[in-house]
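Peer 1: As input, take target-v5.txt (compact mmCIF, C-alpha atoms):
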```txt
# COMPACT_ATOMS: atom_id res chain seq x y z
CA MET A 1 -34.38 -26.78 94.82
CA ASN A 2 -35.24 -25.93 98.44
CA ILE A 3 -37.63 -23.08 97.69
CA SER A 4 -41.20 -23.32 98.98
CA PRO A 5 -43.10 -20.23 97.77
CA GLN A 6 -45.22 -18.63 100.48
CA ALA A 7 -47.06 -15.33 100.73
CA PRO A 8 -46.01 -12.58 101.10
CA PHE A 9 -42.55 -13.65 99.93
CA ALA A 10 -43.26 -15.61 96.74
CA GLY A 11 -41.73 -13.64 93.88
CA ALA A 12 -41.25 -10.56 96.07
CA ALA A 13 -38.41 -8.15 95.35
CA ALA A 14 -36.63 -7.60 98.66
CA LEU A 15 -33.69 -5.52 99.86
CA ILE A 16 -32.09 -5.95 103.27
CA PHE A 17 -29.46 -3.61 104.66
CA GLY A 18 -27.21 -5.47 107.07
CA GLY A 19 -27.79 -8.86 105.50
CA GLY A 20 -24.23 -10.15 105.49
CA GLN A 21 -24.13 -11.93 108.82
CA ASN A 22 -25.95 -13.00 111.97
CA ILE A 23 -29.70 -12.22 112.07
CA GLY A 24 -29.57 -10.52 108.68
CA ARG A 25 -28.06 -13.53 106.96
CA ALA A 26 -30.59 -15.87 108.59
CA VAL A 27 -33.45 -13.61 107.48
CA VAL A 28 -32.17 -13.56 103.91
CA LEU A 29 -32.05 -17.35 103.77
CA GLU A 30 -35.50 -17.72 105.36
CA TRP A 31 -37.07 -15.27 102.93
CA ALA A 32 -35.33 -16.98 100.03
CA ARG A 33 -36.71 -20.37 101.09
CA ARG A 34 -40.15 -18.79 100.97
CA GLY A 35 -39.61 -17.47 97.46
CA ALA A 36 -38.28 -13.92 97.74
CA ARG A 37 -35.68 -12.50 95.38
CA ILE A 38 -33.22 -10.63 97.54
CA ALA A 39 -30.63 -7.90 97.26
CA VAL A 40 -28.22 -8.36 100.18
CA ALA A 41 -26.61 -5.05 101.15
CA ASP A 42 -23.89 -4.74 103.77
CA LEU A 43 -20.91 -2.60 104.67
CA ASN A 44 -19.02 -5.90 104.63
CA ALA A 45 -19.13 -6.63 100.89
CA ALA A 46 -17.60 -10.09 101.34
CA GLY A 47 -20.28 -11.00 103.87
CA ALA A 48 -23.01 -9.81 101.52
CA GLU A 49 -21.59 -11.92 98.68
CA ASP A 50 -21.28 -14.97 100.93
CA THR A 51 -24.94 -14.65 101.95
CA ALA A 52 -26.07 -14.13 98.37
CA ALA A 53 -24.07 -17.18 97.29
CA ALA A 54 -25.78 -19.24 100.01
CA VAL A 55 -29.15 -18.20 98.58
CA ARG A 56 -28.14 -19.20 95.07
CA ALA A 57 -26.88 -22.52 96.42
CA ILE A 58 -30.42 -23.44 97.55
CA GLY A 59 -31.92 -22.39 94.22
CA GLY A 60 -32.89 -18.83 95.08
CA GLU A 61 -32.19 -15.47 93.46
CA ALA A 62 -29.89 -13.00 95.17
CA ILE A 63 -27.37 -10.29 94.46
CA ALA A 64 -24.79 -8.75 96.78
CA LEU A 65 -24.29 -5.02 97.25
CA ALA A 66 -21.77 -2.99 99.23
CA ALA A 67 -23.61 -0.29 101.14
CA ASP A 68 -22.95 2.22 103.90
CA VAL A 69 -26.21 3.24 105.57
CA THR A 70 -24.64 6.47 106.88
CA SER A 71 -24.28 7.71 103.31
CA ASP A 72 -27.28 9.09 101.42
CA ASP A 73 -25.61 8.31 98.09
CA SER A 74 -24.67 4.75 99.08
CA VAL A 75 -28.21 3.95 100.26
CA ALA A 76 -29.68 5.42 97.09
CA ALA A 77 -27.26 3.42 94.92
CA ALA A 78 -28.14 0.18 96.70
CA ILE A 79 -31.86 0.77 96.24
CA ALA A 80 -31.36 1.59 92.57
CA ALA A 81 -29.27 -1.55 92.03
CA ALA A 82 -31.83 -3.74 93.80
CA GLU A 83 -34.70 -2.37 91.73
CA ASN A 84 -32.66 -2.67 88.54
CA ALA A 85 -32.18 -6.36 89.31
CA PHE A 86 -35.63 -7.31 90.61
CA GLY A 87 -38.03 -4.44 89.91
CA PRO A 88 -39.80 -2.14 92.38
CA LEU A 89 -39.22 -3.23 95.95
CA ASP A 90 -41.93 -5.18 97.71
CA ILE A 91 -39.95 -5.55 100.95
CA LEU A 92 -37.34 -3.30 102.56
CA MET A 93 -35.57 -4.36 105.74
CA ASN A 94 -33.37 -2.02 107.74
CA ASN A 95 -31.19 -4.35 109.78
CA ALA A 96 -27.83 -2.56 109.88
CA GLY A 97 -26.70 -1.74 113.39
CA ILE A 98 -23.71 -1.03 115.61
CA LEU A 99 -23.18 -1.64 119.31
CA ALA A 100 -20.71 -0.50 121.95
CA GLY A 101 -20.70 -1.18 125.67
CA GLY A 102 -19.87 1.01 128.62
CA ASN A 103 -21.17 2.98 131.57
CA PRO A 104 -23.34 5.98 130.57
CA GLN A 105 -20.79 8.56 131.73
CA ASP A 106 -18.15 6.99 129.46
CA ILE A 107 -20.11 7.20 126.21
CA PRO A 108 -18.92 10.25 124.25
CA VAL A 109 -21.24 12.31 122.08
CA GLU A 110 -19.44 11.05 118.98
CA VAL A 111 -20.43 7.45 119.80
CA TRP A 112 -24.00 8.60 120.37
CA ARG A 113 -23.89 10.32 116.98
CA GLN A 114 -22.48 7.25 115.20
CA THR A 115 -25.02 4.94 116.84
CA LEU A 116 -27.99 7.09 115.91
CA ASP A 117 -26.61 7.62 112.41
CA VAL A 118 -26.44 3.88 111.74
CA ASN A 119 -29.23 2.39 113.86
CA LEU A 120 -31.91 5.04 113.39
CA LEU A 121 -31.02 7.40 110.55
CA GLY A 122 -29.79 4.51 108.40
CA ALA A 123 -33.38 3.26 108.38
CA VAL A 124 -34.74 6.76 107.76
CA ARG A 125 -32.54 7.19 104.68
CA ALA A 126 -33.84 4.01 103.08
CA ILE A 127 -37.47 4.58 104.07
CA ASN A 128 -37.47 8.09 102.63
CA LEU A 129 -36.45 6.69 99.24
CA VAL A 130 -38.61 3.56 99.17
CA LEU A 131 -41.83 4.68 100.86
CA PRO A 132 -43.09 7.05 98.13
CA GLY A 133 -43.07 4.29 95.50
CA MET A 134 -44.76 1.82 97.83
CA LEU A 135 -47.50 4.35 98.63
CA GLU A 136 -47.98 5.09 94.95
CA ARG A 137 -48.32 1.37 94.18
CA GLY A 138 -50.50 0.79 97.24
CA GLY A 139 -48.40 -2.06 98.56
CA GLY A 140 -45.15 -3.07 100.15
CA HIS A 141 -43.64 -4.02 103.49
CA ILE A 142 -41.06 -2.09 105.51
CA VAL A 143 -39.24 -3.94 108.28
CA ASN A 144 -36.98 -2.39 110.92
CA THR A 145 -34.82 -4.26 113.42
CA ALA A 146 -35.00 -2.86 116.95
CA SER A 147 -34.39 -4.67 120.26
CA PHE A 148 -35.93 -5.50 123.63
CA ALA A 149 -33.56 -2.74 124.81
CA GLY A 150 -35.88 -0.25 123.11
CA LEU A 151 -39.01 -1.69 124.74
CA TYR A 152 -38.15 -1.41 128.45
CA PRO A 153 -35.22 -0.32 130.65
CA TYR A 154 -32.43 -2.73 131.48
CA ALA A 155 -29.53 -1.82 129.18
CA THR A 156 -27.58 0.33 131.61
CA ASN A 157 -24.34 -0.60 129.85
CA ARG A 158 -25.52 0.61 126.43
CA VAL A 159 -27.96 3.46 126.95
CA HIS A 160 -27.09 5.00 123.58
CA TYR A 161 -27.99 1.76 121.79
CA ALA A 162 -31.24 1.45 123.75
CA ALA A 163 -32.21 5.00 122.84
CA SER A 164 -31.58 4.35 119.14
CA LYS A 165 -33.74 1.23 119.24
CA ALA A 166 -36.53 2.97 121.15
CA GLY A 167 -36.52 5.60 118.42
CA LEU A 168 -36.76 2.89 115.78
CA ILE A 169 -39.74 1.30 117.53
CA SER A 170 -41.54 4.65 117.71
CA LEU A 171 -40.72 5.31 114.05
CA SER A 172 -42.13 1.92 113.07
CA GLU A 173 -45.35 2.29 115.06
CA ASN A 174 -46.10 5.78 113.80
CA LEU A 175 -45.19 4.84 110.23
CA ALA A 176 -47.54 1.86 110.45
CA LEU A 177 -50.32 4.16 111.63
CA TYR A 178 -49.77 6.32 108.56
CA ALA A 179 -48.91 3.78 105.88
CA ALA A 180 -51.04 0.73 106.68
CA PRO A 181 -54.33 2.41 105.65
CA GLN A 182 -52.63 3.10 102.31
CA GLY A 183 -51.65 -0.54 101.78
CA VAL A 184 -48.05 -0.45 103.01
CA LYS A 185 -47.30 -2.73 105.95
CA VAL A 186 -44.71 -1.96 108.60
CA SER A 187 -43.12 -4.45 110.98
CA CYS A 188 -40.52 -4.01 113.70
CA LEU A 189 -38.47 -7.02 114.70
CA CYS A 190 -37.55 -6.79 118.38
CA PRO A 191 -34.93 -9.39 119.24
CA GLY A 192 -34.45 -10.39 122.84
CA PRO A 193 -31.50 -12.63 123.65
CA VAL A 194 -30.18 -14.00 120.33
CA SER A 195 -26.90 -15.82 119.80
CA THR A 196 -24.79 -13.88 117.28
CA SER A 197 -21.14 -12.99 116.78
CA ILE A 198 -21.67 -9.29 117.51
CA GLY A 199 -20.01 -9.69 120.90
CA ASP A 200 -16.73 -10.53 119.17
CA SER A 201 -16.47 -7.03 117.71
CA ILE A 202 -18.09 -4.93 120.43
CA ARG A 203 -16.25 -1.75 121.36
CA HIS A 204 -15.73 -1.33 125.11
CA LEU A 205 -15.93 2.26 126.33
CA SER A 206 -15.37 1.64 130.05
CA GLU A 207 -12.53 -0.16 131.79
CA SER A 208 -15.10 -2.22 133.66
CA TYR A 209 -18.87 -2.47 133.53
CA ILE A 210 -21.56 -5.04 134.18
CA PRO A 211 -23.37 -6.34 131.09
CA ARG A 212 -27.13 -6.10 131.57
CA MET A 213 -29.49 -8.43 129.73
CA PRO A 214 -33.28 -8.35 129.29
CA GLY A 215 -34.25 -10.97 131.85
CA SER A 216 -33.42 -14.35 133.33
CA HIS A 217 -36.92 -15.61 132.46
CA LEU A 218 -36.15 -15.38 128.73
CA THR A 219 -34.55 -18.07 126.56
CA LEU A 220 -31.63 -17.54 124.19
CA LYS A 221 -32.66 -17.92 120.55
CA THR A 222 -30.67 -18.73 117.43
CA ALA A 223 -30.52 -16.37 114.47
CA GLU A 224 -32.41 -18.99 112.47
CA GLU A 225 -35.22 -19.13 115.03
CA THR A 226 -35.36 -15.33 114.94
CA ALA A 227 -35.66 -15.32 111.15
CA THR A 228 -38.57 -17.77 111.26
CA ILE A 229 -40.34 -15.70 113.92
CA LEU A 230 -39.95 -12.60 111.76
CA ALA A 231 -41.15 -14.23 108.56
CA ASP A 232 -44.19 -15.74 110.29
CA GLY A 233 -44.98 -12.39 111.91
CA MET A 234 -44.77 -10.58 108.58
CA ARG A 235 -47.04 -13.20 107.04
CA ASP A 236 -49.54 -12.58 109.82
CA GLY A 237 -49.38 -8.79 109.44
CA ARG A 238 -47.85 -8.11 112.87
CA ILE A 239 -46.31 -4.72 113.60
CA ILE A 240 -44.21 -5.41 116.70
CA ILE A 241 -42.60 -8.84 116.38
CA PRO A 242 -40.66 -9.92 119.50
CA THR A 243 -38.52 -13.03 119.57
CA ASP A 244 -40.14 -14.11 122.84
CA GLU A 245 -43.83 -13.63 123.63
CA LEU A 246 -43.00 -13.43 127.35
CA VAL A 247 -42.01 -9.82 126.71
CA TRP A 248 -45.66 -8.80 126.70
CA GLY A 249 -45.94 -9.71 130.37
CA THR A 250 -42.89 -7.57 131.10
CA LEU A 251 -44.40 -4.65 129.20
CA ARG A 252 -47.69 -4.96 131.06
CA GLU A 253 -45.79 -4.87 134.34
CA ARG A 254 -43.88 -1.79 133.27
CA ALA A 255 -47.05 -0.04 132.07
CA ALA A 256 -48.75 -0.70 135.39
CA GLY A 257 -46.06 1.21 137.27
CA PRO A 258 -42.92 2.50 135.52
CA ASP A 259 -41.31 3.75 138.73
CA ALA A 260 -41.90 0.45 140.51
CA PHE A 261 -40.59 -1.44 137.49
CA ILE A 262 -37.32 0.50 137.49
CA ALA A 263 -36.97 0.07 141.26
CA LYS A 264 -37.48 -3.69 140.87
CA LYS A 265 -34.83 -3.84 138.14
CA ALA A 266 -32.41 -1.90 140.30
CA HIS A 267 -33.03 -4.33 143.17
CA GLU A 268 -32.41 -7.32 140.86
CA PHE A 269 -29.16 -5.83 139.61
CA ALA A 270 -28.00 -5.05 143.17
CA ALA A 271 -28.74 -8.65 144.15
CA GLY A 272 -26.50 -9.93 141.35
CA ASN A 273 -29.22 -10.80 138.82
CA SER A 274 -27.97 -9.16 135.62
CA GLY A 275 -30.80 -10.60 133.51
CA MET A 276 -28.81 -13.28 131.72
CA PRO A 277 -31.15 -15.53 129.71
CA ILE A 278 -31.74 -19.24 129.90
CA VAL A 279 -29.30 -21.04 127.60
CA PRO A 280 -30.85 -24.17 126.03
CA GLU A 281 -28.89 -27.40 126.05
CA HIS A 282 -28.19 -27.34 122.31
CA PHE A 283 -26.06 -24.21 122.76
CA ARG A 284 -23.79 -26.06 125.18
CA LYS A 285 -22.95 -28.92 122.82
```
Go through the file and emit its structure as structure tokens.
Peer 2:
Amino acid sequence: MNISPQAPFAGAAALIFGGGQNIGRAVVLEWARRGARIAVADLNAAGAEDTAAAVRAIGGEAIALAADVTSDDSVAAAIAAAENAFGPLDILMNNAGILAGGNPQDIPVEVWRQTLDVNLLGAVRAINLVLPGMLERGGGHIVNTASFAGLYPYATNRVHYAASKAGLISLSENLALYAAPQGVKVSCLCPGPVSTSIGDSIRHLSESYIPRMPGSHLTLKTAEETATILADGMRDGRIIIPTDELVWGTLRERAAGPDAFIAKKAHEFAAGNSGMPIVPEHFRK
């Protein structure tokens, strides 16, 4: 048994959409170690089952669910199955997301629509169904996964993705303002550079483009480090939870002069600094 019960996870009924791989899988395992009972929902049913099996292997409780966050019926079915297994949800995490890369002029409206439907409206669908019960019970925790790309401008090669994540951050902050006084906590995980396999499946919309990253002063994190940061932030009642605290300095700089900030970024890009993060030694082994 590798479970070490910790608030607010001990005995909690949790559902995570997009829990089959990468950050989602790491979050599931971290929550399970802290005592949560978890329904792992993912479009990739095999990935969801593999993650749930990993939880059971360490002595935790988990079920796997196939779910498509672009479908109202599929989201509703996943929530019903999770609550049938573990009772009313204490924690909901909206982690499903898609990503494509390309120059802004090469991103068709249909890709914008798909991105918003998954990254933003996928969260809205689940929140609309779960929030009423949490408010009625006077407790619960909603978690959304955004990105540094939604916090400040740099993602010139994925403006549609950045816009979806900015929307998710605004949703989270305004929802927290409404729900927190009624006992329902809201957190927004904002990953900076994190090592995942998402790059292996990225769709390229331009023949050539320059990948832009959030800053060469930042350090690449593992999915496991990200999961620990999230769990600790939820424990501490944080609303915006970045994977690197250096981001606050960047946001202060941007707030002090948005035009100057964008001009500085443009100068960095023109000089060949695309914002690639520091890669720790353990990634190179």
Peer 1: Listing only residues of range 26-73 of chain A within 12 Å of range 116-122 of chain A, what is the closest atom pair and its distance in Å (to one decimal) for each, using all atoms listed in the file, sorted by chain and residue number ascending, as a tab-separated table?
Peer 2:
```
residue	atom	partner	partner_atom	distance
A:Asp42	CA	A:Gly122	CA	11.9
A:Leu43	CA	A:Val118	CA	11.1
A:Ala67	CA	A:Gly122	CA	10.7
A:Asp68	CA	A:Gly122	CA	8.5
A:Val69	CA	A:Gly122	CA	4.7
A:Thr70	CA	A:Gly122	CA	5.7
A:Ser71	CA	A:Gly122	CA	8.2
A:Asp72	CA	A:Gly122	CA	8.7
A:Asp73	CA	A:Gly122	CA	11.8
```
Peer 1: Please, what distance in Å, to one decimal, runs between CA of Asn157 in chain A and CA of Met276 in chain A?
Peer 2: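 Taking CA of Asn157 in chain A as the start and CA of Met276 in chain A as the end point, the length is 13.6 Å.
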Peer 1: Can you pull out every residue within 7 Å of range 126-142 of chain A, counting all atoms listed in the file, but drop anything in the same chain fewer than 3 positions away, and send it as a PyMOL selection string?
Peer 2: chain A and resi 75+90-93+122-123+182-187
Peer 1: Mind giving me the straight-line distance from CA of Leu15 in chain A to CA of Ala66 in chain A in Å, one decimal?
Peer 2: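 It comes out at 12.2 Å.
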Peer 1: Return the single residue from A:Leu220, A:Ala48, A:Ile262, A:Cys188 that is closest to Met234 in chain A, with distances computed using all atoms listed in the file.
Peer 2: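 Of A:Leu220, A:Ala48, A:Ile262, A:Cys188, the one nearest Met234 in chain A, counting all atoms listed in the file, is A:Cys188.
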Peer 1: Of the candidates A:Ala10, A:Ile202, A:Val247, A:Cys190, which shows the shortest atom-to-atom distance to His217 in chain A, using all atoms listed in the file?
Peer 2: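 That would be A:Val247, the residue with the smallest distance to His217 in chain A.
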Peer 1: Using all atoms listed in the file, which residues of range 67-153 of chain A come within 9 Å of range 238-244 of chain A, and what is the closest atom pair for each, with the distance in Å to one decimal? Give it as JSON lines, sorted by chain and residue number.
Peer 2:
```
{"residue": "A:Val143", "atom": "CA", "partner": "A:Ile239", "partner_atom": "CA", "distance": 8.9}
{"residue": "A:Ser147", "atom": "CA", "partner": "A:Pro242", "partner_atom": "CA", "distance": 8.2}
{"residue": "A:Phe148", "atom": "CA", "partner": "A:Pro242", "partner_atom": "CA", "distance": 7.7}
```
Peer 1: Would you work out the distance separating CA of Thr222 in chain A from CA of Ser195 in chain A, expressed in Å to one decimal?
Peer 2: 5.3 Å
Peer 1: May I have the residues within 10 Å of Ser197 in chain A as a list of chain:residue names, using all atoms listed in the file and disregarding those fewer than 3 positions away in the same chain?
Peer 2: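 Those residues are A:Gln21, A:Asn22, A:Ile23, A:Val194, A:Asp200, A:Ser201, A:Ile202.
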Peer 1: Using all atoms listed in the file, which of the listed residues (A:Ala53, A:Ala46, A:Leu89, A:Met213) sits closest to Glu268 in chain A?
Peer 2: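 Among the listed residues, the smallest separation from Glu268 in chain A belongs to A:Met213.
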Peer 1: Kindly provide the residues of range 91-208 of chain A that approach range 250-257 of chain A to within 12 Å, each paired with its closest atom pair and their distance in Å to one decimal, based on only C-alpha atoms, listed by chain and increasing number, as a Markdown table.
Peer 2:
```
| residue | atom | partner | partner_atom | distance |
| --- | --- | --- | --- | --- |
| A:Phe148 | CA | A:Leu251 | CA | 10.2 |
| A:Ala149 | CA | A:Leu251 | CA | 11.9 |
| A:Gly150 | CA | A:Leu251 | CA | 11.4 |
| A:Leu151 | CA | A:Leu251 | CA | 7.6 |
| A:Tyr152 | CA | A:Leu251 | CA | 7.1 |
| A:Pro153 | CA | A:Arg254 | CA | 9.2 |
| A:Tyr154 | CA | A:Thr250 | CA | 11.5 |
```
Peer 1: If we count all atoms listed in the file, what is near Ile107 in chain A at a cut-off of 9 Å, once residues fewer than 2 positions away on the same chain are taken out, given as a list in words?
Peer 2: Ala100, Gly101, Gly102, Asn103, Pro104, Gln105, Val109, Glu110, Val111, Trp112, Arg158, Val159, His160, Leu205 and Ser206 of chain A
Peer 1: Select, from A:Ser170, A:Asn2, A:Thr196, A:Gln114, the residue with the minimum atom-to-atom distance to Trp31 in chain A, counting only C-alpha atoms.
Peer 2: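 Under the stated criterion, the closest residue is A:Asn2.
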Peer 1: From the set A:Ala57, A:Val279, A:Leu189, A:Ala36, which residue has the shortest atom-to-atom contact distance to Gly215 in chain A, counting only C-alpha atoms?
Peer 2: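 When distances to Gly215 in chain A are compared using only C-alpha atoms, the smallest one comes from A:Val279.
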Peer 1: Choose the residue, out of A:Pro258, A:Gly97, A:Pro214, A:Gly20, that has the smallest atom-to-atom separation from Thr115 in chain A; count only C-alpha atoms.
Peer 2: A:Gly97
Peer 1: Show me, as an NGL selection string, the residues that have an atom within 8 Å of Glu224 in chain A when counting all atoms listed in the file, minus same-chain residues fewer than 2 positions from it.
Peer 2: :A and (23 or 26-27 or 30 or 222 or 226-228)
